[in-house]
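Shown next: structure_25.cif, containing mmCIF, C-alpha atoms.
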```cif
data_input
#
loop_
_atom_site.label_atom_id
_atom_site.label_comp_id
_atom_site.auth_asym_id
_atom_site.auth_seq_id
_atom_site.Cartn_x
_atom_site.Cartn_y
_atom_site.Cartn_z
CA MET X 1 0.00 0.00 0.00
CA ALA X 2 1.42 3.34 -1.03
CA ARG X 3 1.60 6.48 1.05
CA ILE X 4 0.22 9.46 -0.88
CA ILE X 5 1.96 12.80 -0.31
CA VAL X 6 0.55 16.06 -1.66
CA VAL X 7 2.90 19.01 -2.10
CA THR X 8 0.70 22.07 -1.80
CA SER X 9 0.83 25.79 -0.98
CA GLY X 10 -2.06 27.76 -2.44
CA LYS X 11 0.24 30.50 -3.63
CA GLY X 12 2.27 30.05 -6.80
CA GLY X 13 6.02 30.31 -7.13
CA VAL X 14 6.91 29.21 -3.62
CA GLY X 15 8.68 26.00 -4.66
CA LYS X 16 6.08 23.24 -4.98
CA THR X 17 7.51 21.67 -8.12
CA THR X 18 11.11 22.07 -6.91
CA THR X 19 10.06 20.37 -3.68
CA SER X 20 8.09 17.61 -5.44
CA ALA X 21 11.05 16.79 -7.66
CA ALA X 22 13.49 16.85 -4.74
CA ILE X 23 11.47 14.72 -2.34
CA ALA X 24 10.44 12.19 -4.99
CA MET X 25 14.09 11.75 -5.95
CA GLY X 26 15.09 11.67 -2.29
CA LEU X 27 12.62 8.91 -1.43
CA ALA X 28 13.59 6.92 -4.53
CA LYS X 29 17.29 7.25 -3.71
CA ARG X 30 16.54 5.82 -0.28
CA GLY X 31 15.34 2.70 -2.08
CA HIS X 32 11.60 3.34 -2.03
CA LYS X 33 9.75 2.91 -5.29
CA THR X 34 8.25 6.33 -5.90
CA ALA X 35 5.95 7.91 -8.49
CA VAL X 36 5.57 11.66 -8.86
CA ILE X 37 2.46 13.06 -10.58
CA ASP X 38 2.09 16.54 -12.07
CA PHE X 39 -1.48 17.80 -11.44
CA ASP X 40 -0.94 21.15 -13.17
CA VAL X 41 -2.96 20.38 -16.29
CA GLY X 42 -2.35 22.99 -18.98
CA LEU X 43 0.80 24.34 -17.32
CA ARG X 44 2.97 21.28 -16.79
CA ASN X 45 6.48 21.90 -15.55
CA LEU X 46 7.49 18.94 -13.43
CA ASP X 47 8.86 17.23 -16.56
CA LEU X 48 11.16 20.21 -17.13
CA ILE X 49 12.39 20.32 -13.53
CA MET X 50 12.98 16.56 -13.63
CA GLY X 51 14.78 16.87 -16.97
CA CYS X 52 12.54 14.45 -18.87
CA GLU X 53 10.58 16.94 -21.00
CA ARG X 54 11.67 15.35 -24.26
CA ARG X 55 10.54 11.90 -23.22
CA VAL X 56 6.88 12.76 -22.62
CA VAL X 57 4.61 10.71 -24.88
CA TYR X 58 1.42 10.17 -22.91
CA ASP X 59 0.15 12.10 -19.91
CA LEU X 60 -2.20 11.98 -16.93
CA VAL X 61 -5.27 12.95 -18.98
CA ASN X 62 -4.53 10.26 -21.59
CA VAL X 63 -4.55 7.68 -18.80
CA ILE X 64 -7.78 9.05 -17.31
CA ASN X 65 -9.44 8.88 -20.75
CA ASN X 66 -8.09 5.36 -21.36
CA GLU X 67 -6.10 6.58 -24.36
CA ALA X 68 -2.96 5.10 -22.82
CA THR X 69 -2.12 2.67 -20.05
CA LEU X 70 -0.41 3.82 -16.89
CA ASN X 71 2.75 1.93 -17.85
CA GLN X 72 2.86 3.70 -21.21
CA ALA X 73 2.56 7.12 -19.58
CA LEU X 74 5.01 6.64 -16.69
CA ILE X 75 8.50 7.92 -17.49
CA LYS X 76 11.31 6.03 -15.82
CA ASP X 77 13.97 8.32 -14.40
CA LYS X 78 17.42 7.79 -15.92
CA ARG X 79 19.30 8.57 -12.70
CA CYS X 80 17.32 6.44 -10.28
CA GLU X 81 15.57 3.21 -11.18
CA ASN X 82 13.04 3.56 -8.35
CA LEU X 83 11.62 6.82 -9.66
CA PHE X 84 8.80 7.30 -12.19
CA ILE X 85 7.21 10.51 -13.45
CA LEU X 86 3.62 10.93 -14.64
CA PRO X 87 3.43 14.24 -16.53
CA ALA X 88 0.39 16.49 -16.81
CA SER X 89 -1.30 17.27 -20.08
CA GLN X 90 -0.20 20.50 -21.71
CA THR X 91 -3.11 20.85 -24.14
CA ARG X 92 -6.22 20.15 -22.06
CA ASP X 93 -7.68 22.17 -19.24
CA LYS X 94 -8.20 21.31 -15.59
CA ASP X 95 -11.73 20.02 -16.20
CA ALA X 96 -10.21 17.00 -17.93
CA LEU X 97 -9.42 15.63 -14.46
CA SER X 98 -12.10 13.52 -12.81
CA THR X 99 -12.17 12.29 -9.23
CA GLU X 100 -12.92 8.75 -10.39
CA GLY X 101 -10.08 8.83 -12.91
CA ILE X 102 -7.55 10.01 -10.34
CA GLU X 103 -8.81 7.45 -7.82
CA ARG X 104 -8.32 4.65 -10.35
CA ILE X 105 -4.78 5.82 -11.19
CA LEU X 106 -3.79 6.15 -7.53
CA GLU X 107 -5.21 2.71 -6.76
CA GLU X 108 -3.27 1.16 -9.60
CA LEU X 109 -0.05 2.94 -8.60
CA SER X 110 -0.55 1.90 -4.98
CA LYS X 111 -0.10 -1.74 -5.91
CA GLU X 112 3.40 -1.16 -7.19
CA PHE X 113 4.75 1.94 -5.47
CA ARG X 114 5.67 2.78 -1.89
CA TYR X 115 5.24 6.55 -2.22
CA ILE X 116 3.13 8.66 -4.59
CA VAL X 117 4.02 12.36 -4.65
CA CYS X 118 1.29 14.65 -6.01
CA ASP X 119 2.62 17.98 -7.28
CA SER X 120 -0.30 20.36 -6.84
CA PRO X 121 -0.90 23.40 -9.04
CA ALA X 122 -1.26 26.82 -7.39
CA GLY X 123 -4.72 28.05 -6.51
CA ILE X 124 -7.72 26.20 -5.12
CA GLU X 125 -9.31 24.97 -8.33
CA ARG X 126 -9.90 21.44 -9.55
CA GLY X 127 -6.28 20.38 -10.09
CA ALA X 128 -5.28 21.57 -6.62
CA THR X 129 -8.27 20.08 -4.79
CA LEU X 130 -7.87 16.75 -6.60
CA ALA X 131 -4.14 16.61 -5.89
CA MET X 132 -4.90 16.74 -2.17
CA TYR X 133 -8.17 14.80 -2.09
CA PHE X 134 -6.67 11.32 -1.67
CA ALA X 135 -3.58 12.36 0.30
CA ASP X 136 -2.27 10.74 3.49
CA ASP X 137 0.38 13.39 4.12
CA ALA X 138 0.55 17.04 3.08
CA PHE X 139 3.79 18.96 2.62
CA VAL X 140 2.77 22.61 2.91
CA VAL X 141 5.41 24.67 1.12
CA THR X 142 5.55 28.19 2.50
CA ASN X 143 7.76 31.23 2.00
CA PRO X 144 8.41 33.53 4.99
CA GLU X 145 6.17 36.17 3.46
CA VAL X 146 2.65 37.37 4.30
CA SER X 147 0.71 36.23 1.23
CA SER X 148 2.30 32.80 1.22
CA VAL X 149 1.57 32.24 4.93
CA ARG X 150 -2.03 33.34 4.51
CA ASP X 151 -2.55 31.06 1.51
CA SER X 152 -0.97 28.15 3.37
CA ASP X 153 -3.45 28.63 6.18
CA ARG X 154 -6.27 28.61 3.64
CA MET X 155 -4.96 25.32 2.24
CA LEU X 156 -4.90 23.85 5.76
CA GLY X 157 -8.59 24.67 6.01
CA ILE X 158 -9.29 22.87 2.74
CA LEU X 159 -7.15 19.87 3.74
CA ALA X 160 -9.14 19.61 6.96
CA SER X 161 -12.57 19.78 5.33
CA LYS X 162 -12.47 18.73 1.66
CA SER X 163 -10.19 15.70 1.59
CA ARG X 164 -11.35 12.09 1.39
CA ARG X 165 -10.09 11.45 4.91
CA ALA X 166 -12.14 14.41 6.16
CA GLU X 167 -15.26 13.39 4.27
CA LYS X 168 -15.05 9.80 5.48
CA GLY X 169 -14.31 10.86 9.03
CA GLU X 170 -10.98 9.02 9.02
CA GLU X 171 -7.77 10.08 10.72
CA PRO X 172 -6.92 13.52 9.27
CA ILE X 173 -4.15 14.14 6.75
CA LYS X 174 -0.75 14.59 8.45
CA GLU X 175 0.40 18.12 7.70
CA TYR X 176 4.04 19.21 7.58
CA LEU X 177 5.57 22.65 7.10
CA LEU X 178 8.39 23.15 4.61
CA LEU X 179 9.69 26.69 4.84
CA THR X 180 11.47 27.58 1.60
CA ARG X 181 13.57 30.51 0.35
CA TYR X 182 14.62 31.26 3.93
CA SER X 183 17.26 33.86 4.56
CA PRO X 184 18.65 33.83 8.13
CA GLU X 185 20.54 37.06 7.45
CA ARG X 186 17.32 38.92 6.64
CA VAL X 187 15.53 37.36 9.62
CA LYS X 188 18.30 38.67 11.87
CA LEU X 189 17.84 42.16 10.43
CA GLY X 190 14.11 42.00 11.16
CA GLU X 191 13.25 42.04 7.47
CA MET X 192 11.81 38.55 7.23
CA LEU X 193 9.42 36.40 9.26
CA SER X 194 11.38 33.86 11.29
CA VAL X 195 10.74 30.13 11.27
CA ASP X 196 9.30 30.47 14.79
CA ASP X 197 6.92 33.22 13.63
CA VAL X 198 5.58 31.11 10.77
CA GLN X 199 5.24 28.04 12.97
CA GLU X 200 3.42 30.05 15.60
CA ILE X 201 0.93 31.40 13.07
CA LEU X 202 0.29 28.14 11.24
CA SER X 203 0.91 25.78 14.19
CA LEU X 204 2.36 23.09 11.94
CA HIS X 205 5.02 20.48 12.49
CA LEU X 206 8.23 21.75 10.86
CA LEU X 207 9.76 19.20 8.53
CA GLY X 208 12.56 21.46 7.38
CA VAL X 209 13.86 24.84 6.26
CA ILE X 210 15.25 25.27 2.75
CA PRO X 211 17.55 28.28 2.57
CA GLU X 212 17.40 30.74 -0.32
CA SER X 213 20.03 29.23 -2.58
CA LYS X 214 21.55 29.76 -5.99
CA SER X 215 21.71 26.01 -6.43
CA VAL X 216 17.91 25.80 -6.90
CA LEU X 217 18.03 27.82 -10.13
CA SER X 218 21.12 25.97 -11.34
CA ALA X 219 19.33 22.69 -10.70
CA SER X 220 16.23 23.73 -12.62
CA ASN X 221 18.38 25.12 -15.44
CA SER X 222 19.86 21.70 -15.92
CA GLY X 223 16.75 19.61 -15.18
CA THR X 224 18.27 18.00 -12.10
CA PRO X 225 16.32 17.73 -8.84
CA VAL X 226 18.29 19.91 -6.41
CA ILE X 227 18.61 17.05 -3.91
CA LEU X 228 21.16 15.48 -6.27
CA ASP X 229 23.43 18.50 -5.71
CA GLU X 230 24.79 17.10 -2.49
CA GLU X 231 27.28 19.92 -2.06
CA SER X 232 24.59 22.58 -1.99
CA ASP X 233 22.79 23.83 1.11
CA ALA X 234 19.36 23.38 -0.52
CA GLY X 235 20.23 19.83 -1.58
CA GLN X 236 21.33 18.96 1.94
CA ALA X 237 18.23 20.60 3.40
CA TYR X 238 16.00 18.38 1.24
CA ALA X 239 18.04 15.31 2.21
CA ASP X 240 17.42 16.21 5.87
CA ILE X 241 13.71 16.54 5.15
CA ILE X 242 13.58 13.04 3.65
CA ALA X 243 15.45 11.64 6.65
CA ARG X 244 13.07 13.31 9.10
CA TYR X 245 10.02 12.20 7.13
CA LEU X 246 11.32 8.63 7.27
CA GLY X 247 11.58 8.92 11.03
CA GLU X 248 15.24 9.76 11.56
CA ASN X 249 16.21 12.36 14.08
CA ARG X 250 18.11 15.19 12.41
CA PRO X 251 18.61 18.57 14.06
CA HIS X 252 17.37 21.51 12.01
CA ARG X 253 19.97 23.36 9.96
CA PHE X 254 20.05 26.55 7.88
CA ILE X 255 18.05 28.47 10.48
CA GLU X 256 21.02 30.37 11.86
CA GLU X 257 23.18 32.78 9.96
CA LYS X 258 26.24 31.20 8.40
CA LYS X 259 29.42 32.07 10.23
CA THR X 260 31.73 33.70 7.76
CA GLY X 261 35.37 33.42 8.57
CA LEU X 262 37.92 36.14 7.98
CA PHE X 263 39.17 34.31 4.90
CA SER X 264 35.85 34.25 3.11
CA LYS X 265 35.12 37.81 4.22
CA ILE X 266 38.22 38.96 2.41
CA PHE X 267 38.14 36.71 -0.60
CA GLY X 268 34.37 36.22 -0.82
CA GLY X 269 33.24 32.72 -0.04
CA LYS X 270 30.22 31.14 -1.67
CA MET Y 1 20.05 65.19 10.67
CA SER Y 2 23.02 65.02 12.92
CA LEU Y 3 25.59 62.31 12.89
CA LEU Y 4 24.18 61.05 16.20
CA ASP Y 5 20.72 60.65 14.66
CA TYR Y 6 22.21 58.59 11.91
CA PHE Y 7 23.39 56.01 14.39
CA ARG Y 8 20.20 56.18 16.45
CA THR Y 9 17.66 55.56 13.70
CA SER Y 10 17.27 51.87 13.36
CA LYS Y 11 15.30 50.43 10.48
CA PRO Y 12 11.72 49.58 11.40
CA ASN Y 13 11.26 45.89 12.11
CA THR Y 14 8.87 44.96 9.30
CA ALA Y 15 8.95 41.27 10.18
CA SER Y 16 7.17 41.86 13.48
CA LEU Y 17 4.62 44.00 11.66
CA ALA Y 18 4.03 41.14 9.23
CA LYS Y 19 3.58 38.70 12.09
CA GLU Y 20 1.08 40.93 13.86
CA ARG Y 21 -0.98 41.47 10.70
CA LEU Y 22 -0.96 37.77 9.89
CA GLN Y 23 -2.02 36.72 13.37
CA ILE Y 24 -5.08 38.97 13.24
CA LEU Y 25 -5.98 37.96 9.68
CA VAL Y 26 -5.51 34.24 10.16
CA ALA Y 27 -7.57 34.26 13.38
CA HIS Y 28 -10.38 36.05 11.55
CA GLU Y 29 -10.30 33.74 8.54
CA ARG Y 30 -10.24 30.63 10.70
CA SER Y 31 -13.35 31.73 12.58
CA SER Y 32 -15.34 32.19 9.37
CA ARG Y 33 -14.05 28.85 8.06
CA ASN Y 34 -16.14 26.93 10.58
CA GLN Y 35 -19.40 28.46 9.46
CA PRO Y 36 -22.06 26.04 8.29
CA SER Y 37 -22.20 25.79 4.50
CA TYR Y 38 -25.95 26.54 4.35
CA LEU Y 39 -25.49 30.19 5.37
CA PRO Y 40 -25.43 31.74 1.87
CA ASP Y 41 -28.51 29.74 0.80
CA LEU Y 42 -30.32 30.62 4.00
CA GLN Y 43 -29.58 34.28 3.43
CA LYS Y 44 -30.87 34.12 -0.14
CA GLU Y 45 -34.12 32.34 0.76
CA LEU Y 46 -34.81 34.66 3.67
CA LEU Y 47 -34.37 37.58 1.34
CA ASP Y 48 -36.85 36.08 -1.13
CA VAL Y 49 -39.49 35.61 1.56
CA ILE Y 50 -39.09 39.13 2.91
CA ARG Y 51 -39.27 40.58 -0.58
CA LYS Y 52 -42.74 39.11 -0.98
CA TYR Y 53 -43.92 41.67 1.54
CA VAL Y 54 -41.37 44.45 1.68
CA ASN Y 55 -39.12 45.74 -1.04
CA VAL Y 56 -35.67 45.45 0.51
CA SER Y 57 -32.31 45.61 -1.19
CA GLN Y 58 -29.78 42.79 -1.51
CA ASP Y 59 -27.60 44.03 1.30
CA ALA Y 60 -30.48 44.74 3.68
CA ILE Y 61 -30.05 41.34 5.27
CA THR Y 62 -27.03 40.04 7.12
CA VAL Y 63 -26.69 36.56 8.53
CA HIS Y 64 -24.01 36.09 11.12
CA PHE Y 65 -22.87 32.85 12.69
CA ASP Y 66 -20.95 32.71 15.94
CA GLN Y 67 -19.44 29.80 17.76
CA ASP Y 68 -18.49 30.16 21.36
CA GLY Y 69 -17.60 26.92 23.05
CA ASN Y 70 -20.69 24.71 22.87
CA GLN Y 71 -23.01 27.56 22.03
CA GLU Y 72 -23.79 28.49 18.45
CA THR Y 73 -25.62 31.69 17.66
CA LEU Y 74 -27.27 32.59 14.40
CA GLU Y 75 -27.91 36.28 14.12
CA VAL Y 76 -30.19 37.53 11.32
CA ASN Y 77 -30.39 41.27 10.83
CA ILE Y 78 -32.91 42.81 8.42
CA VAL Y 79 -32.95 46.51 7.70
CA LEU Y 80 -36.39 47.63 6.51
CA PRO Y 81 -36.67 50.64 4.22
CA GLU Y 82 -37.69 53.90 5.89
CA ASP Y 83 -40.65 54.76 3.63
CA ARG Y 84 -43.26 52.10 3.44
#
```

Could I get this structure in the form of structure tokens?
Amino acid sequence: MARIIVVTSGKGGVGKTTTSAAIAMGLAKRGHKTAVIDFDVGLRNLDLIMGCERRVVYDLVNVINNEATLNQALIKDKRCENLFILPASQTRDKDALSTEGIERILEELSKEFRYIVCDSPAGIERGATLAMYFADDAFVVTNPEVSSVRDSDRMLGILASKSRRAEKGEEPIKEYLLLTRYSPERVKLGEMLSVDDVQEILSLHLLGVIPESKSVLSASNSGTPVILDEESDAGQAYADIIARYLGENRPHRFIEEKKTGLFSKIFGGK
Amino acid sequence: MSLLDYFRTSKPNTASLAKERLQILVAHERSSRNQPSYLPDLQKELLDVIRKYVNVSQDAITVHFDQDGNQETLEVNIVLPEDR
């Protein structure tokens, strides 16, 4: 039986697809068979972030409409044999998604996969509500910024009332906070909400903090999930998140300002 | 501005302002989240009934739901026009 994770945020541009790509790769690298599904019908981008955009033949909507089988549509990752990508359709609109169709796909995937990561589109329309409907866990991606925090809280309300678990009166979806684009320097200057502030407002369990990092853009430029950049702070932060999610105890990092030594002050470290 | 002022003026802490605004907003939005879903329909039907007898405008009726512990209050406020 698979565990279904939705990566959601409400607001756009906070790092949902970056996070989906990173955690799916992270789970797969840990040896768990993982599928990652792009729910952003009409504006697919997960394929680009994963670097498999030229290998897309069939998509999620084709499978829903029985125009292709799931195995035909799933793209096997070339870097990790445990990872498969199900791209969204670029030509249809969000109404092409049906609850029954998604349920059938998730059921079929559940037989073979350990984790299913659902990359939600921004907003609260069909694609976003369907991405979260069947979820067991929710990764709420939030930036330390007012509109993002507000939208995250709105998504928490929807998770608590409009999911299958909520409608069936089952144990609620487990919600985790992923604070992205965090800048400890700006927090120290009083220019940015701190991780404690955001946690206090949303009262969520913190899974990890991803620092603002140049490596995220480099990774997307090259179509490599940032978690594969093991040297980078963002890559390490995502690796920590996977470890914590899998039950390991890892102290939080990237919350405090980096200590710059005299050497890097003079010569300019990275 | 003297040199002393230059050192004294610290930048306003906008992060704490953001936190304060968010706390108020989120508390408000959470309270309206728990409203029963029939409220808009109730409001519309009440308006239709009242309009059978009195010509009131769309915004003449407000339906407010409050939850305080175990007690739920439904407050319906109708403003009748002055000239009948």

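For the structure in this document, the set picked by the PyMOL selection byres ((chain X) within 10 of (chain Y)) is Pro144, Glu145, Val146, Ser147, Val149, Arg150, Asp151, Asp153, Arg154, Leu156, Gly157, Ile158, Ser161, Arg186, Val187, Lys188, Leu189, Gly190, Glu191, Met192, Leu193, Ser194, Asp197, Val198, Glu200, Ile201 and Leu202 of chain X.
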
Can I get the selection written as a short mmCIF file (atom, residue, chain, number, x, y, z; two decimals), in the frame of the given file, with C-alpha atoms?
```
data_model
loop_
_atom_site.label_atom_id
_atom_site.label_comp_id
_atom_site.auth_asym_id
_atom_site.auth_seq_id
_atom_site.Cartn_x
_atom_site.Cartn_y
_atom_site.Cartn_z
CA PRO X 144 8.41 33.53 4.99
CA GLU X 145 6.17 36.17 3.46
CA VAL X 146 2.65 37.37 4.30
CA SER X 147 0.71 36.23 1.23
CA VAL X 149 1.57 32.24 4.93
CA ARG X 150 -2.03 33.34 4.51
CA ASP X 151 -2.55 31.06 1.51
CA ASP X 153 -3.45 28.63 6.18
CA ARG X 154 -6.27 28.61 3.64
CA LEU X 156 -4.90 23.85 5.76
CA GLY X 157 -8.59 24.67 6.01
CA ILE X 158 -9.29 22.87 2.74
CA SER X 161 -12.57 19.78 5.33
CA ARG X 186 17.32 38.92 6.64
CA VAL X 187 15.53 37.36 9.62
CA LYS X 188 18.30 38.67 11.87
CA LEU X 189 17.84 42.16 10.43
CA GLY X 190 14.11 42.00 11.16
CA GLU X 191 13.25 42.04 7.47
CA MET X 192 11.81 38.55 7.23
CA LEU X 193 9.42 36.40 9.26
CA SER X 194 11.38 33.86 11.29
CA ASP X 197 6.92 33.22 13.63
CA VAL X 198 5.58 31.11 10.77
CA GLU X 200 3.42 30.05 15.60
CA ILE X 201 0.93 31.40 13.07
CA LEU X 202 0.29 28.14 11.24
#
```

What box, with edges along x, y and z, holds each listed atom of stretch 18-33 of chain Y when 8 Å is added on every side, and can you state its centre and edge lengths in Å to one decimal, as JSON?
```
{"center_x": -5.7, "center_y": 35.2, "center_z": 11.0, "size_x": 35.4, "size_y": 28.6, "size_z": 21.8}
```

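If you count all atoms listed in the file and draw a sphere of 10 Å around (-31.2, 42.4, 6.2), the protein and nucleic acid residues inside it come out as Y:Gln43, Y:Leu46, Y:Leu47, Y:Ile50, Y:Val56, Y:Ser57, Y:Gln58, Y:Asp59, Y:Ala60, Y:Ile61, Y:Thr62, Y:Val63, Y:Val76, Y:Asn77, Y:Ile78, Y:Val79, Y:Leu80.
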
Handout entry: Selection: 10 Å around X:Met132, only C-alpha atoms, excl. self and same-chain fewer than 5 positions, as a ChimeraX atom specification
Key = /X:4-8,39,118-120,127,137-138,155,158-159,162-164,173

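Across the model, the gap from atom CA of Y:Pro81 to atom CA of Y:Leu42 is 21.0 Å.
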
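For the structure in this document, the set picked by the PyMOL selection byres ((chain X and resi 105-117) around 6) is Met1, Ala2, Arg3, Ile4, Ile5, Val6, His32, Lys33, Thr34, Ala35, Val36, Ile102, Glu103, Arg104 and Cys118 of chain X.
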
Exercise for the section: Could you please determine the separation between atom CA of X:Pro121 and atom CA of X:Leu228 in Å, to one decimal place? Expected result: 23.6 Å

Practice task
Fewer than 3 positions away in the same chain doesn't count, so skip those; otherwise give me all residues within 10 Å of Y:Ser32, counting all atoms listed in the file, as a ChimeraX atom specification.
Solution key: /Y:27-29,35-36,64-67

Written file, previous selection with C-alpha atoms, as a tab-separated table (two decimals), keeping the file's coordinate frame:
```
chain	number	residue	atom	x	y	z
Y	27	ALA	CA	-7.57	34.26	13.38
Y	28	HIS	CA	-10.38	36.05	11.55
Y	29	GLU	CA	-10.30	33.74	8.54
Y	35	GLN	CA	-19.40	28.46	9.46
Y	36	PRO	CA	-22.06	26.04	8.29
Y	64	HIS	CA	-24.01	36.09	11.12
Y	65	PHE	CA	-22.87	32.85	12.69
Y	66	ASP	CA	-20.95	32.71	15.94
Y	67	GLN	CA	-19.44	29.80	17.76
```

Enumerate, as a tab-separated table (two decimals) with C-alpha atoms, in the frame of the given file, the residues matched when the PyMOL selection byres ((chain X and resi 94) around 6) is run on the file above.
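To be explicit, this is the file written out as out-v4.tsv:
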```tsv
chain	number	residue	atom	x	y	z
X	41	VAL	CA	-2.96	20.38	-16.29
X	93	ASP	CA	-7.68	22.17	-19.24
X	95	ASP	CA	-11.73	20.02	-16.20
X	96	ALA	CA	-10.21	17.00	-17.93
X	97	LEU	CA	-9.42	15.63	-14.46
X	127	GLY	CA	-6.28	20.38	-10.09
```

Exercise for the section: Take atom CA of X:Val209 and atom CA of X:Phe84 and report the distance between them in Å, one decimal. Expected result: 26.0 Å

Exercise for the section: For X:Lys258, list every protein, DNA or RNA residue within 9 Å, evaluated using only C-alpha atoms, and leave out those in the same chain fewer than 2 positions away; present the list as a ChimeraX atom specification. Expected result: /X:184-185,254-256,260

Selected residues written out with C-alpha atoms, as an mmCIF file, in the frame of the given file:
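Final output, selection.cif:
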```cif
data_model
loop_
_atom_site.group_PDB
_atom_site.id
_atom_site.type_symbol
_atom_site.label_atom_id
_atom_site.label_comp_id
_atom_site.auth_asym_id
_atom_site.auth_seq_id
_atom_site.Cartn_x
_atom_site.Cartn_y
_atom_site.Cartn_z
ATOM 1 C CA PRO X 184 18.650 33.830 8.130
ATOM 2 C CA GLU X 185 20.540 37.060 7.450
ATOM 3 C CA PHE X 254 20.050 26.550 7.880
ATOM 4 C CA ILE X 255 18.050 28.470 10.480
ATOM 5 C CA GLU X 256 21.020 30.370 11.860
ATOM 6 C CA THR X 260 31.730 33.700 7.760
#
```

Determine, counting only C-alpha atoms, which protein, DNA and RNA residues have an atom within 9 Å of an atom of X:Ala237; residues of the same chain fewer than 4 positions away are not included. Present the result as a PDB file with C-alpha atoms, in the frame of the given file.
```pdb
ATOM      1  CA  GLY X 208      12.560  21.460   7.380  1.00  0.00           C
ATOM      2  CA  VAL X 209      13.860  24.840   6.260  1.00  0.00           C
ATOM      3  CA  ILE X 210      15.250  25.270   2.750  1.00  0.00           C
ATOM      4  CA  PRO X 211      17.550  28.280   2.570  1.00  0.00           C
ATOM      5  CA  ILE X 227      18.610  17.050  -3.910  1.00  0.00           C
ATOM      6  CA  SER X 232      24.590  22.580  -1.990  1.00  0.00           C
ATOM      7  CA  ASP X 233      22.790  23.830   1.110  1.00  0.00           C
ATOM      8  CA  ILE X 241      13.710  16.540   5.150  1.00  0.00           C
ATOM      9  CA  ILE X 242      13.580  13.040   3.650  1.00  0.00           C
ATOM     10  CA  HIS X 252      17.370  21.510  12.010  1.00  0.00           C
ATOM     11  CA  ARG X 253      19.970  23.360   9.960  1.00  0.00           C
ATOM     12  CA  PHE X 254      20.050  26.550   7.880  1.00  0.00           C
TER      13      PHE X 254
END
```

Completion exercise
In terms of all atoms listed in the file, the residue from X:Ile49, X:Val14, X:Val195, X:Cys80 at minimal distance from X:Pro225 is X:Ile49

Handout entry: Spatial neighbours of X:Gly223, max dist 7 Å, only C-alpha atoms, sep filter under 2 positions, as an MDAnalysis selection string
Key = chainID X and resid 48:51 219:221 225
